[in-house]
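A.B. asks: What follows is data.cif; its format and atoms are mmCIF, C-alpha atoms and all ligand atoms.
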```cif
data_structure
#
loop_
_atom_site.label_atom_id
_atom_site.label_comp_id
_atom_site.auth_asym_id
_atom_site.auth_seq_id
_atom_site.Cartn_x
_atom_site.Cartn_y
_atom_site.Cartn_z
CA MET U 1 -32.88 33.20 -7.76
CA VAL U 2 -31.34 30.99 -10.43
CA GLU U 3 -33.02 32.93 -13.19
CA LYS U 4 -31.54 36.19 -11.93
CA MET U 5 -28.01 34.88 -12.27
CA TYR U 6 -28.42 34.41 -15.98
CA ILE U 7 -27.44 37.34 -18.08
CA SER U 8 -27.75 36.74 -21.75
CA LYS U 9 -24.48 37.30 -23.53
CA ILE U 10 -23.71 40.93 -24.17
CA ASN U 11 -20.75 42.01 -26.23
CA PRO U 12 -18.41 44.30 -24.35
CA LEU U 13 -18.60 47.98 -25.38
CA ASP U 14 -16.07 48.99 -28.00
CA ASN U 15 -13.90 52.09 -28.29
CA VAL U 16 -14.76 53.51 -24.94
CA MET U 17 -12.14 54.77 -22.62
CA ILE U 18 -13.91 56.37 -19.76
CA LYS U 19 -13.49 54.68 -16.39
CA GLU U 20 -17.14 53.73 -15.75
CA GLU U 21 -17.41 52.05 -19.09
CA LEU U 22 -14.23 50.07 -18.56
CA GLU U 23 -15.64 48.88 -15.27
CA PHE U 24 -18.88 48.03 -16.98
CA ASN U 25 -16.96 45.96 -19.56
CA GLU U 26 -15.29 44.11 -16.70
CA LEU U 27 -18.69 43.31 -15.22
CA ILE U 28 -19.96 42.00 -18.54
CA LYS U 29 -16.84 39.91 -18.98
CA GLU U 30 -17.34 38.48 -15.51
CA ALA U 31 -21.02 37.77 -16.14
CA ASN U 32 -20.22 36.04 -19.42
CA LEU U 33 -17.57 33.94 -17.72
CA ARG U 34 -20.13 32.83 -15.17
CA ASN U 35 -22.64 32.14 -17.88
CA ASP U 36 -20.09 30.02 -19.74
CA LEU U 37 -19.33 28.02 -16.62
CA ILE U 38 -23.00 27.36 -15.88
CA ASP U 39 -23.43 26.33 -19.52
CA TYR U 40 -20.44 24.04 -19.27
CA PHE U 41 -21.95 22.17 -16.35
CA ARG U 42 -25.38 22.11 -17.90
CA ASN U 43 -23.91 20.42 -20.97
CA LEU U 44 -21.57 18.14 -19.05
CA PRO U 45 -21.67 14.66 -20.59
CA TYR U 46 -22.95 11.71 -18.56
CA VAL U 47 -20.07 9.47 -17.47
CA ASP U 48 -19.96 5.92 -16.07
CA SER U 49 -17.37 6.23 -13.35
CA ILE U 50 -16.94 8.48 -10.37
CA GLU U 51 -13.27 9.05 -11.28
CA ASP U 52 -14.19 10.35 -14.75
CA TYR U 53 -16.84 12.52 -13.14
CA ILE U 54 -14.50 14.04 -10.58
CA ASN U 55 -11.82 14.79 -13.19
CA LEU U 56 -14.31 16.28 -15.60
CA VAL U 57 -15.82 18.55 -12.97
CA GLY U 58 -12.79 19.12 -10.74
CA GLU U 59 -10.52 20.86 -13.18
CA GLN U 60 -13.21 23.33 -14.23
CA VAL U 61 -14.49 24.27 -10.79
CA CYS U 62 -10.98 24.50 -9.33
CA SER U 63 -9.85 26.82 -12.05
CA PHE U 64 -12.97 29.01 -11.88
CA PHE U 65 -12.96 29.39 -8.09
CA GLU U 66 -9.13 29.36 -7.91
CA ALA U 67 -9.38 26.43 -5.52
CA GLY U 68 -6.80 23.67 -5.03
CA ARG U 69 -9.13 20.81 -4.24
CA PHE U 70 -12.58 19.59 -5.24
CA SER U 71 -14.03 16.57 -3.51
CA LEU U 72 -17.13 14.59 -2.96
CA ALA U 73 -18.51 12.74 0.04
CA LEU U 74 -21.63 10.59 -0.01
CA ILE U 75 -24.14 9.76 2.70
CA HIS U 76 -24.69 6.07 3.37
CA ASP U 77 -27.64 4.70 5.33
CA ASP U 78 -28.60 8.21 6.40
CA GLU U 79 -25.80 8.43 8.92
CA ILE U 80 -22.31 7.84 7.60
CA ILE U 81 -20.60 10.30 5.36
CA ALA U 82 -17.73 8.91 3.30
CA GLU U 83 -15.17 10.63 1.11
CA VAL U 84 -15.44 8.95 -2.29
CA ALA U 85 -13.32 10.95 -4.70
CA TYR U 86 -11.30 14.10 -5.01
CA PHE U 87 -9.48 16.21 -7.51
CA SER U 88 -6.43 17.98 -6.18
CA ASP U 89 -3.50 19.85 -7.64
CA LYS U 90 -0.28 17.87 -7.55
CA ASN U 91 1.32 19.87 -4.71
CA HIS U 92 -0.86 18.30 -2.04
CA LYS U 93 -0.39 14.89 -0.56
CA PRO U 94 -3.88 13.53 0.16
CA LEU U 95 -4.47 12.81 3.85
CA LEU U 96 -8.23 13.06 3.86
CA ASP U 97 -8.31 10.07 1.56
CA LYS U 98 -10.92 8.03 -0.22
CA GLY U 99 -12.81 5.80 2.18
CA PHE U 100 -12.53 8.25 5.10
CA LYS U 101 -15.77 7.91 7.07
CA GLN U 102 -17.41 9.96 9.74
CA LYS U 103 -20.80 9.81 11.41
CA LEU U 104 -22.97 12.54 9.97
CA SER U 105 -24.02 13.53 13.48
CA GLU U 106 -20.37 14.10 14.41
CA THR U 107 -19.96 16.75 11.73
CA SER U 108 -21.77 20.02 11.12
CA LEU U 109 -22.88 18.63 7.75
CA GLY U 110 -25.77 16.76 9.35
CA LYS U 111 -27.31 20.04 10.46
CA MET U 112 -26.62 21.56 7.06
CA ALA U 113 -28.52 18.72 5.34
CA LYS U 114 -31.42 19.00 7.77
CA ASP U 115 -31.76 22.78 7.50
CA GLY U 116 -31.61 22.81 3.71
CA THR U 117 -28.64 25.21 3.76
CA LYS U 118 -27.59 26.14 0.22
CA PHE U 119 -23.89 26.60 0.92
CA ARG U 120 -21.48 26.94 3.80
CA ILE U 121 -18.19 28.80 3.92
CA ILE U 122 -15.52 28.15 6.52
CA ASN U 123 -13.05 31.02 6.37
CA ASP U 124 -10.40 29.47 8.57
CA LEU U 125 -10.40 25.69 8.97
CA ARG U 126 -7.81 25.92 11.76
CA GLN U 127 -10.65 27.12 14.01
CA LYS U 128 -12.38 23.76 13.48
CA GLU U 129 -9.70 21.59 15.04
CA ASN U 130 -12.34 19.45 16.80
CA SER U 131 -13.37 17.96 13.45
CA VAL U 132 -11.12 15.11 12.26
CA SER U 133 -11.76 15.87 8.59
CA SER U 134 -10.89 19.57 9.08
CA ARG U 135 -7.68 18.64 10.85
CA LEU U 136 -6.65 16.38 7.96
CA ILE U 137 -7.47 18.92 5.30
CA VAL U 138 -5.49 21.62 7.15
CA LYS U 139 -2.55 19.19 7.25
CA GLU U 140 -2.88 18.81 3.47
CA GLY U 141 -2.32 22.56 3.26
CA PHE U 142 -5.85 23.94 2.86
CA LEU U 143 -7.15 26.72 5.09
CA SER U 144 -10.66 27.54 3.94
CA ASN U 145 -13.49 25.74 2.23
CA LEU U 146 -16.86 26.02 0.57
CA THR U 147 -19.45 23.25 0.81
CA VAL U 148 -22.72 22.69 -1.03
CA PRO U 149 -25.08 19.73 -0.64
CA ALA U 150 -25.73 17.33 -3.54
CA VAL U 151 -29.52 17.21 -3.67
CA VAL U 152 -31.41 14.62 -5.73
CA ASN U 153 -35.21 14.49 -5.67
CA GLY U 154 -35.26 16.71 -2.61
CA LYS U 155 -32.90 14.46 -0.69
CA VAL U 156 -29.33 15.29 0.29
CA ILE U 157 -27.20 12.39 -1.02
CA GLY U 158 -23.81 13.93 -0.27
CA PHE U 159 -21.73 17.09 -0.42
CA PHE U 160 -19.38 18.84 -2.82
CA PHE U 161 -16.39 20.56 -1.29
CA LEU U 162 -13.98 23.16 -2.59
CA ALA U 163 -10.86 23.99 -0.61
CA SER U 164 -8.31 26.79 -0.87
CA GLU U 165 -4.82 27.33 0.53
CA GLU U 166 -5.79 30.85 1.63
CA ILE U 167 -7.97 31.91 4.52
CA ASN U 168 -11.10 33.91 3.63
CA HIS U 169 -10.82 32.73 0.02
CA PHE U 170 -14.50 32.17 -0.76
CA SER U 171 -17.09 34.97 -0.95
CA GLU U 172 -20.87 34.75 -0.49
CA GLU U 173 -21.12 35.23 -4.23
CA ASP U 174 -18.88 32.19 -4.77
CA GLY U 175 -21.16 30.23 -2.46
CA LEU U 176 -24.22 31.11 -4.50
CA MET U 177 -22.43 30.35 -7.76
CA PHE U 178 -21.25 26.94 -6.50
CA TYR U 179 -24.80 26.25 -5.36
CA ILE U 180 -26.19 27.05 -8.83
CA ILE U 181 -23.56 24.81 -10.41
CA SER U 182 -24.49 22.03 -7.98
CA LEU U 183 -28.06 22.02 -9.39
CA ASN U 184 -26.54 20.65 -12.61
CA LEU U 185 -23.86 18.55 -10.93
CA SER U 186 -26.17 16.60 -8.60
CA PRO U 187 -28.36 14.80 -11.16
CA LYS U 188 -25.25 13.92 -13.18
CA LEU U 189 -23.60 12.57 -10.06
CA TYR U 190 -26.69 10.48 -9.36
CA HIS U 191 -26.58 9.09 -12.91
CA THR U 192 -22.90 8.13 -12.53
CA LEU U 193 -23.51 6.46 -9.16
CA SER U 194 -26.49 4.53 -10.51
CA ILE U 195 -24.56 3.22 -13.50
CA GLN U 196 -21.62 2.26 -11.30
CA SER U 197 -23.88 0.41 -8.92
CA ILE U 198 -25.73 -1.45 -11.71
CA ILE U 199 -22.41 -2.55 -13.22
CA SER U 200 -21.11 -3.68 -9.86
CA ASN U 201 -24.33 -5.58 -9.04
CA PHE U 202 -24.25 -7.22 -12.46
CA GLY U 203 -20.67 -8.37 -11.81
CA ASN U 204 -21.47 -9.65 -8.33
CA SER U 205 -24.48 -11.60 -9.62
CA LEU U 206 -22.34 -13.30 -12.26
CA VAL U 207 -19.74 -14.23 -9.65
CA ASN U 208 -22.43 -15.64 -7.35
CA LEU U 209 -23.90 -17.60 -10.22
CA ALA U 210 -20.52 -19.10 -11.13
CA GLU U 211 -19.84 -19.98 -7.51
CA TYR U 212 -22.93 -22.19 -7.35
CA ARG U 213 -21.40 -24.47 -9.95
CA ASP U 214 -17.67 -24.33 -9.43
CA ASN U 215 -15.86 -25.95 -6.55
CA GLU U 216 -13.45 -23.06 -6.26
CA THR U 217 -14.21 -21.25 -3.04
CA GLY U 218 -15.34 -17.68 -2.59
CA ASN U 219 -12.02 -17.13 -0.85
CA HIS U 220 -10.18 -17.79 -4.14
CA ILE U 221 -12.12 -14.89 -5.66
CA LYS U 222 -11.39 -12.61 -2.69
CA ARG U 223 -7.69 -13.45 -2.60
CA VAL U 224 -7.22 -12.96 -6.34
CA ALA U 225 -8.99 -9.58 -6.08
CA LEU U 226 -6.81 -8.47 -3.16
CA TYR U 227 -3.53 -9.71 -4.66
CA SER U 228 -4.42 -7.95 -7.90
CA LYS U 229 -5.29 -4.71 -6.12
CA THR U 230 -1.99 -4.81 -4.20
CA LEU U 231 -0.02 -5.23 -7.43
CA ALA U 232 -2.05 -2.59 -9.32
CA GLU U 233 -1.53 -0.02 -6.57
CA ALA U 234 2.19 -0.77 -6.24
CA LEU U 235 2.58 -0.41 -10.00
CA GLY U 236 1.22 3.12 -9.61
CA LEU U 237 -1.76 2.65 -11.94
CA GLU U 238 -4.54 5.28 -12.13
CA PRO U 239 -7.03 5.12 -9.22
CA LYS U 240 -9.86 4.23 -11.60
CA LEU U 241 -7.95 1.29 -13.03
CA VAL U 242 -6.93 0.11 -9.55
CA ARG U 243 -10.57 0.18 -8.43
CA GLU U 244 -11.74 -1.63 -11.55
CA ILE U 245 -9.05 -4.30 -11.28
CA TYR U 246 -10.13 -4.96 -7.68
CA GLN U 247 -13.79 -4.89 -8.62
CA PHE U 248 -13.54 -7.03 -11.78
CA ALA U 249 -10.75 -9.51 -10.97
CA PRO U 250 -13.41 -11.86 -9.49
CA LEU U 251 -14.95 -12.09 -12.96
CA HIS U 252 -11.89 -13.69 -14.58
CA ASP U 253 -13.44 -17.17 -14.76
CA ILE U 254 -17.16 -16.38 -15.17
CA GLY U 255 -17.07 -18.08 -18.58
CA LYS U 256 -16.82 -21.38 -16.70
CA ILE U 257 -20.61 -21.08 -16.39
CA GLY U 258 -20.62 -22.43 -19.96
CA VAL U 259 -18.30 -25.40 -19.32
CA PRO U 260 -20.13 -28.72 -18.80
CA ASP U 261 -20.14 -30.26 -15.30
CA ARG U 262 -18.32 -33.41 -16.36
CA ILE U 263 -15.31 -31.23 -17.22
CA LEU U 264 -15.67 -28.39 -14.73
CA LEU U 265 -16.14 -30.74 -11.78
CA LYS U 266 -13.88 -33.60 -12.91
CA PRO U 267 -11.74 -34.62 -9.95
CA GLY U 268 -8.73 -35.78 -12.00
CA LYS U 269 -6.63 -34.24 -14.76
CA LEU U 270 -8.37 -33.29 -18.01
CA ASP U 271 -7.59 -35.09 -21.26
CA GLU U 272 -6.78 -33.13 -24.40
CA ASP U 273 -10.37 -32.78 -25.66
CA GLU U 274 -11.68 -31.83 -22.25
CA TRP U 275 -8.89 -29.29 -21.90
CA ALA U 276 -9.86 -27.71 -25.22
CA ILE U 277 -13.43 -27.30 -23.96
CA MET U 278 -12.19 -25.90 -20.64
CA LYS U 279 -10.22 -23.25 -22.53
CA THR U 280 -13.41 -21.95 -24.14
CA HIS U 281 -14.31 -20.34 -20.80
CA VAL U 282 -12.32 -17.27 -21.85
CA ILE U 283 -14.33 -16.63 -25.01
CA ILE U 284 -17.63 -17.46 -23.27
CA GLY U 285 -16.81 -14.97 -20.48
CA MET U 286 -15.89 -12.25 -22.95
CA ARG U 287 -19.10 -12.81 -24.86
CA ILE U 288 -21.27 -12.52 -21.71
CA LEU U 289 -19.72 -9.16 -20.85
CA GLU U 290 -19.69 -7.84 -24.42
CA GLU U 291 -23.35 -8.70 -24.88
CA PHE U 292 -24.22 -6.86 -21.68
CA VAL U 293 -22.38 -3.75 -22.91
CA GLU U 294 -24.02 -3.94 -26.33
CA SER U 295 -27.53 -4.41 -25.01
CA SER U 296 -27.04 -1.52 -22.55
CA SER U 297 -25.42 0.82 -25.05
CA ASP U 298 -28.15 3.44 -24.61
CA VAL U 299 -27.25 3.91 -20.92
CA ILE U 300 -23.60 2.92 -20.53
CA GLY U 301 -20.54 3.85 -22.53
CA LYS U 302 -18.90 1.23 -24.76
CA ASP U 303 -15.85 1.19 -22.49
CA ALA U 304 -17.73 0.79 -19.21
CA LEU U 305 -16.60 -2.85 -18.90
CA ARG U 306 -13.32 -2.53 -20.79
CA THR U 307 -11.20 -3.52 -17.78
CA ALA U 308 -13.47 -6.47 -16.96
CA ILE U 309 -13.37 -7.71 -20.56
CA ASN U 310 -9.57 -7.34 -20.68
CA ILE U 311 -9.21 -9.34 -17.46
CA VAL U 312 -11.37 -12.15 -18.80
CA ALA U 313 -9.70 -12.09 -22.22
CA ASP U 314 -6.09 -11.93 -21.03
CA HIS U 315 -5.82 -13.87 -17.78
CA HIS U 316 -4.44 -16.99 -19.52
CA GLU U 317 -2.18 -15.16 -21.94
CA LYS U 318 1.55 -15.48 -21.30
CA TRP U 319 4.29 -12.85 -21.61
CA ASP U 320 6.26 -15.05 -24.07
CA GLY U 321 3.23 -15.53 -26.33
CA SER U 322 2.56 -19.16 -25.41
CA GLY U 323 -0.77 -18.54 -23.66
CA TYR U 324 -4.37 -18.72 -24.85
CA PRO U 325 -6.82 -17.93 -26.45
CA PHE U 326 -5.07 -15.38 -28.69
CA GLY U 327 -1.37 -16.05 -28.04
CA LYS U 328 -0.80 -12.36 -27.28
CA LYS U 329 2.73 -11.39 -26.36
CA GLY U 330 4.31 -8.90 -23.90
CA GLU U 331 2.53 -5.56 -23.78
CA GLU U 332 -0.10 -6.73 -26.26
CA ILE U 333 -1.59 -8.25 -23.13
CA SER U 334 -3.43 -5.63 -21.07
CA ILE U 335 -1.78 -4.67 -17.78
CA GLU U 336 -4.93 -5.79 -15.93
CA GLY U 337 -4.61 -9.21 -17.62
CA ARG U 338 -0.91 -9.46 -16.73
CA ILE U 339 -1.67 -8.63 -13.10
CA VAL U 340 -4.57 -11.05 -12.69
CA ALA U 341 -2.49 -13.80 -14.35
CA VAL U 342 0.09 -13.59 -11.55
CA ALA U 343 -2.57 -13.34 -8.82
CA ASP U 344 -4.61 -16.25 -10.21
CA VAL U 345 -1.67 -18.62 -10.73
CA PHE U 346 -0.17 -17.78 -7.34
CA ASP U 347 -3.49 -18.52 -5.69
CA ALA U 348 -3.92 -21.77 -7.63
CA LEU U 349 -0.43 -22.84 -6.52
CA THR U 350 -1.00 -22.09 -2.84
CA THR U 351 -4.38 -23.79 -2.60
CA GLU U 352 -5.52 -27.35 -2.77
CA ARG U 353 -7.42 -28.44 -5.89
CA PRO U 354 -9.20 -31.75 -6.52
CA TYR U 355 -6.20 -32.90 -8.57
CA LYS U 356 -3.34 -31.42 -6.52
CA LYS U 357 -2.12 -30.52 -3.05
CA ALA U 358 -1.34 -26.96 -2.06
CA PHE U 359 2.28 -25.84 -2.47
CA PRO U 360 3.76 -24.04 0.53
CA PHE U 361 3.93 -20.23 0.33
CA ASP U 362 7.69 -19.96 -0.31
CA GLU U 363 7.72 -22.64 -2.97
CA SER U 364 4.85 -20.94 -4.79
CA VAL U 365 6.71 -17.60 -4.69
CA LYS U 366 9.74 -19.31 -6.21
CA ILE U 367 7.66 -20.67 -9.08
CA ILE U 368 6.24 -17.21 -9.81
CA GLU U 369 9.75 -15.75 -9.76
CA GLU U 370 11.06 -18.39 -12.15
CA GLN U 371 8.28 -17.58 -14.58
CA ALA U 372 9.18 -13.88 -14.89
CA GLY U 373 9.68 -13.15 -18.59
CA ARG U 374 8.14 -16.49 -19.56
CA HIS U 375 4.61 -16.81 -18.22
CA PHE U 376 4.56 -13.42 -16.48
CA ASP U 377 5.44 -9.78 -17.08
CA PRO U 378 8.83 -9.38 -15.31
CA GLU U 379 7.79 -5.96 -13.97
CA VAL U 380 4.65 -7.39 -12.35
CA VAL U 381 6.76 -10.16 -10.80
CA ARG U 382 9.28 -7.59 -9.51
CA ILE U 383 6.44 -5.69 -7.79
CA PHE U 384 5.04 -8.99 -6.50
CA MET U 385 8.40 -9.73 -4.82
CA GLU U 386 8.55 -6.19 -3.46
CA LYS U 387 5.08 -6.53 -1.90
CA LEU U 388 5.61 -10.03 -0.55
CA ASP U 389 4.78 -8.98 3.02
CA VAL U 390 1.32 -7.72 1.94
CA ILE U 391 0.79 -10.83 -0.22
CA ARG U 392 1.60 -13.01 2.79
CA MET U 393 -0.82 -11.09 4.98
CA ILE U 394 -3.66 -11.68 2.50
CA TYR U 395 -2.61 -15.33 2.18
CA ASP U 396 -2.65 -15.82 5.97
CA GLU U 397 -5.88 -13.96 6.53
CA LEU U 398 -7.95 -15.68 3.84
CA LYS U 399 -6.44 -19.15 3.96
CA ASP U 400 -8.78 -22.00 3.02
CA VAL U 401 -9.35 -24.65 5.63
CA ARG U 402 -7.86 -27.78 4.03
CA SER U 403 -9.93 -30.94 3.72
CA GLU U 404 -7.75 -32.89 6.17
CA GLU U 405 -8.12 -30.07 8.68
CA ILE U 406 -11.91 -30.26 8.31
CA CYS U 407 -11.62 -34.02 9.02
CA ASP U 408 -9.50 -33.27 12.09
CA MET U 409 -12.08 -30.84 13.35
CA THR U 410 -15.01 -33.19 12.88
CA GLU U 411 -13.12 -35.97 14.58
CA LYS U 412 -12.55 -33.75 17.56
CA ASP U 413 -16.26 -32.98 17.64
FE FE E 1 -9.46 -18.98 -16.21
FE FE E 2 -9.18 -18.50 -11.05
#
```
Is it possible to give me this structure as structure tokens?
C.D. replies:
Amino acid sequence: MVEKMYISKINPLDNVMIKEELEFNELIKEANLRNDLIDYFRNLPYVDSIEDYINLVGEQVCSFFEAGRFSLALIHDDEIIAEVAYFSDKNHKPLLDKGFKQKLSETSLGKMAKDGTKFRIINDLRQKENSVSSRLIVKEGFLSNLTVPAVVNGKVIGFFFLASEEINHFSEEDGLMFYIISLNLSPKLYHTLSIQSIISNFGNSLVNLAEYRDNETGNHIKRVALYSKTLAEALGLEPKLVREIYQFAPLHDIGKIGVPDRILLKPGKLDEDEWAIMKTHVIIGMRILEEFVESSSDVIGKDALRTAINIVADHHEKWDGSGYPFGKKGEEISIEGRIVAVADVFDALTTERPYKKAFPFDESVKIIEEQAGRHFDPEVVRIFMEKLDVIRMIYDELKDVRSEEICDMTEKD
């Protein structure tokens, strides 16, 4: 079947005016266009992130099929299907958003996966009002869609979707074409997912490792990640950067693995020499990540951990240039570094440390506000103040139990 679709490139006939030949030229043009598209996807580069993948693929398929939306949902644990990424033209407000989950058995996709169906066309999504995902996509302004499974090693790992604003937009021929394209898209998708998962597991292992030594709780890591994500989203950063900031903020202090116990675990304040050693955690952390990228350069891109490295490198830099280790100033500091700096300091203020009590929430907010333009990027602080209700929710939800409260509880026992 696939073979038949390939027509080696033929130059259109010249100097012919008769109707049949003009039509024939049109057919050749069309065939060449299809050939080019198949070639494009066959030669698609391997990328490290699902966002890069979706942008790379989305624009091409949407323009070829004159569709307004390309998206991807993956199957987890054989039963849940979750929307993971989409590419959509700017006129549509996404309602069927990333993270939307449905049981495979509650959708017709389960049957499609089981039967080995190559493609499925729904000519009018309004007729499928019983499906939650269809309802949402209709609300976004799409009326028909075309679905093909993403098959890797004979197993359906997810689905690719194309959606159009018109009813009856997709033809059987489109279905077959999208299916052929999917034969190239699926292995590349699998590559991207594998790389993303290795990077994320590598990061989690480092965080676990650091946690065994440091007395900072796992909740500190979670809160800093959530505060940072809140700020990154509110600043309107790209979805990829928002995801990476959330994913990599927990790595900010991994270099502490290289700081000796007598300093890392010292209950009192550090003297000048000890402080100088403590500060080396930034460079140690950067080196760990950079070495991982270098030694994996045959499988991952050199920028795969860029955001993580920036977070580690910049989280102690200050807006006015008085931070460390490089004394970077203003926008020389990466935005991810400026965000994590606010999140990390705010969390340090609001929690108890061996050498200090926790400041109350409001007092800590005041300190952050006072440091706008000095320690922190004033814009990040402005967003922080704007999102104070969300910050408070995270603070309340993930509050540490203080040592005196633990004493109270054991006494009661
Ligand atoms: Fe640090
Ligand atoms: Fe920290």
A.B. asks: How close does each residue of chain U get to ligand FE 2 (chain E), giving the shortest atom pair and distance in Å to one decimal for every residue with an atom at most 8 Å away, counting all atoms listed in the file, sorted by chain and residue number, as a Markdown table?
C.D. replies:
```
| residue | atom | partner | partner_atom | distance |
| --- | --- | --- | --- | --- |
| U:Glu216 | CA | E:FE2 | FE | 7.9 |
| U:His220 | CA | E:FE2 | FE | 7.0 |
| U:Ile221 | CA | E:FE2 | FE | 7.1 |
| U:Val224 | CA | E:FE2 | FE | 7.5 |
| U:His252 | CA | E:FE2 | FE | 6.6 |
| U:Asp253 | CA | E:FE2 | FE | 5.8 |
| U:Asp344 | CA | E:FE2 | FE | 5.2 |
| U:Val345 | CA | E:FE2 | FE | 7.5 |
| U:Asp347 | CA | E:FE2 | FE | 7.8 |
| U:Ala348 | CA | E:FE2 | FE | 7.1 |
```
A.B. asks: Counting only C-alpha atoms, figure out which residue out of U:Lys387, U:Arg243, U:Lys256, U:Arg69 gets nearest to Ala210 (chain U).
C.D. replies: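 The answer is U:Lys256, which sits nearest to Ala210 (chain U).
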A.B. asks: As a list in words, please: the residues near region 271-280 of chain U (cut-off 10 Å, only C-alpha atoms, same-chain neighbours under 2 positions excluded).
C.D. replies: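 Everything that qualifies: Gly255, Lys256, Gly258, Val259, Pro260, Arg262, Ile263, Leu264, Lys266, Gly268, Lys269, Val282, Ile283, Ile284, Gly285, His316, Tyr324 and Pro325 of chain U.
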A.B. asks: For Ala67 (chain U), which residue out of U:Leu265, U:Leu241, U:Met286, U:Leu146 is the nearest one, using all atoms listed in the file?
C.D. replies: U:Leu146
A.B. asks: Determine, using all atoms listed in the file, which residues of region 149-197 of chain U have any atom at most 7 Å from an atom of region 105-119 of chain U, and tabulate each with its shortest atom pair and distance in Å to one decimal place, rows ordered by chain and then rising number, as CSV.
C.D. replies:
```
residue,atom,partner,partner_atom,distance
U:Pro149,CA,U:Lys118,CA,6.9
U:Val156,CA,U:Ala113,CA,6.2
U:Gly175,CA,U:Phe119,CA,5.7
U:Tyr179,CA,U:Lys118,CA,6.2
```
A.B. asks: Once you count all atoms listed in the file, which residues end up no further than 12 Å from (-10.9, -3.2, -9.8) in the file's frame, shown as a PyMOL selection string?
C.D. replies: chain U and resi 49+200+203+222+224-233+237-252+305-311+336-337+339-340
A.B. asks: Restricting the calculation to only C-alpha atoms: of U:Tyr395, U:Phe376, U:Trp319, U:Tyr212, which residue gets closest to Thr351 (chain U)?
C.D. replies: U:Tyr395
A.B. asks: By how many Å are CA of Ser194 (chain U) and CA of Asp298 (chain U) apart?
C.D. replies: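 About the pair CA of Ser194 (chain U) and CA of Asp298 (chain U): they are 14.2 Å apart.
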A.B. asks: Just need the box for region 179-193 of chain U, edges along x, y and z, holding every atom the file lists for it with 6 Å tacked onto each side, so centre and edge lengths in Å to one decimal, as AutoDock Vina command-line options.
C.D. replies:
```
--center_x -25.6 --center_y 16.8 --center_z -9.3 --size_x 17.5 --size_y 32.6 --size_z 19.8
```
A.B. asks: Quick one: distance from CA of Phe100 (chain U) to CA of Gly218 (chain U) in Å, one decimal?
C.D. replies: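 So the two atoms, CA of Phe100 (chain U) and CA of Gly218 (chain U), lie 27.2 Å apart.
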A.B. asks: Could you pull the residues within 12 Å of Phe87 (chain U), counting all atoms listed in the file, minus those fewer than 4 positions along the same chain, as number ranges by chain?
C.D. replies: U: 50-63, 67-72, 83, 91-94, 96-98, 160-163, 239
A.B. asks: Separation of CA of Asn43 (chain U) and CA of Ser182 (chain U), in Å?
C.D. replies: 13.1 Å
A.B. asks: Would you mind telling me which residue in U:Glu332, U:Gly301, U:Ile368, U:Asp314 lies nearest to ligand FE 1 (chain E) when using only C-alpha atoms and all ligand atoms?
C.D. replies: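 Of all the options, U:Asp314 lies closest to ligand FE 1 (chain E).
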A.B. asks: Closest to ligand FE 1 (chain E) among U:Ile257, U:Leu206, U:Ile137, U:Ile335, using only C-alpha atoms and all ligand atoms?
C.D. replies: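 Once distances to ligand FE 1 (chain E) are computed over only C-alpha atoms and all ligand atoms, the minimum belongs to U:Ile257.
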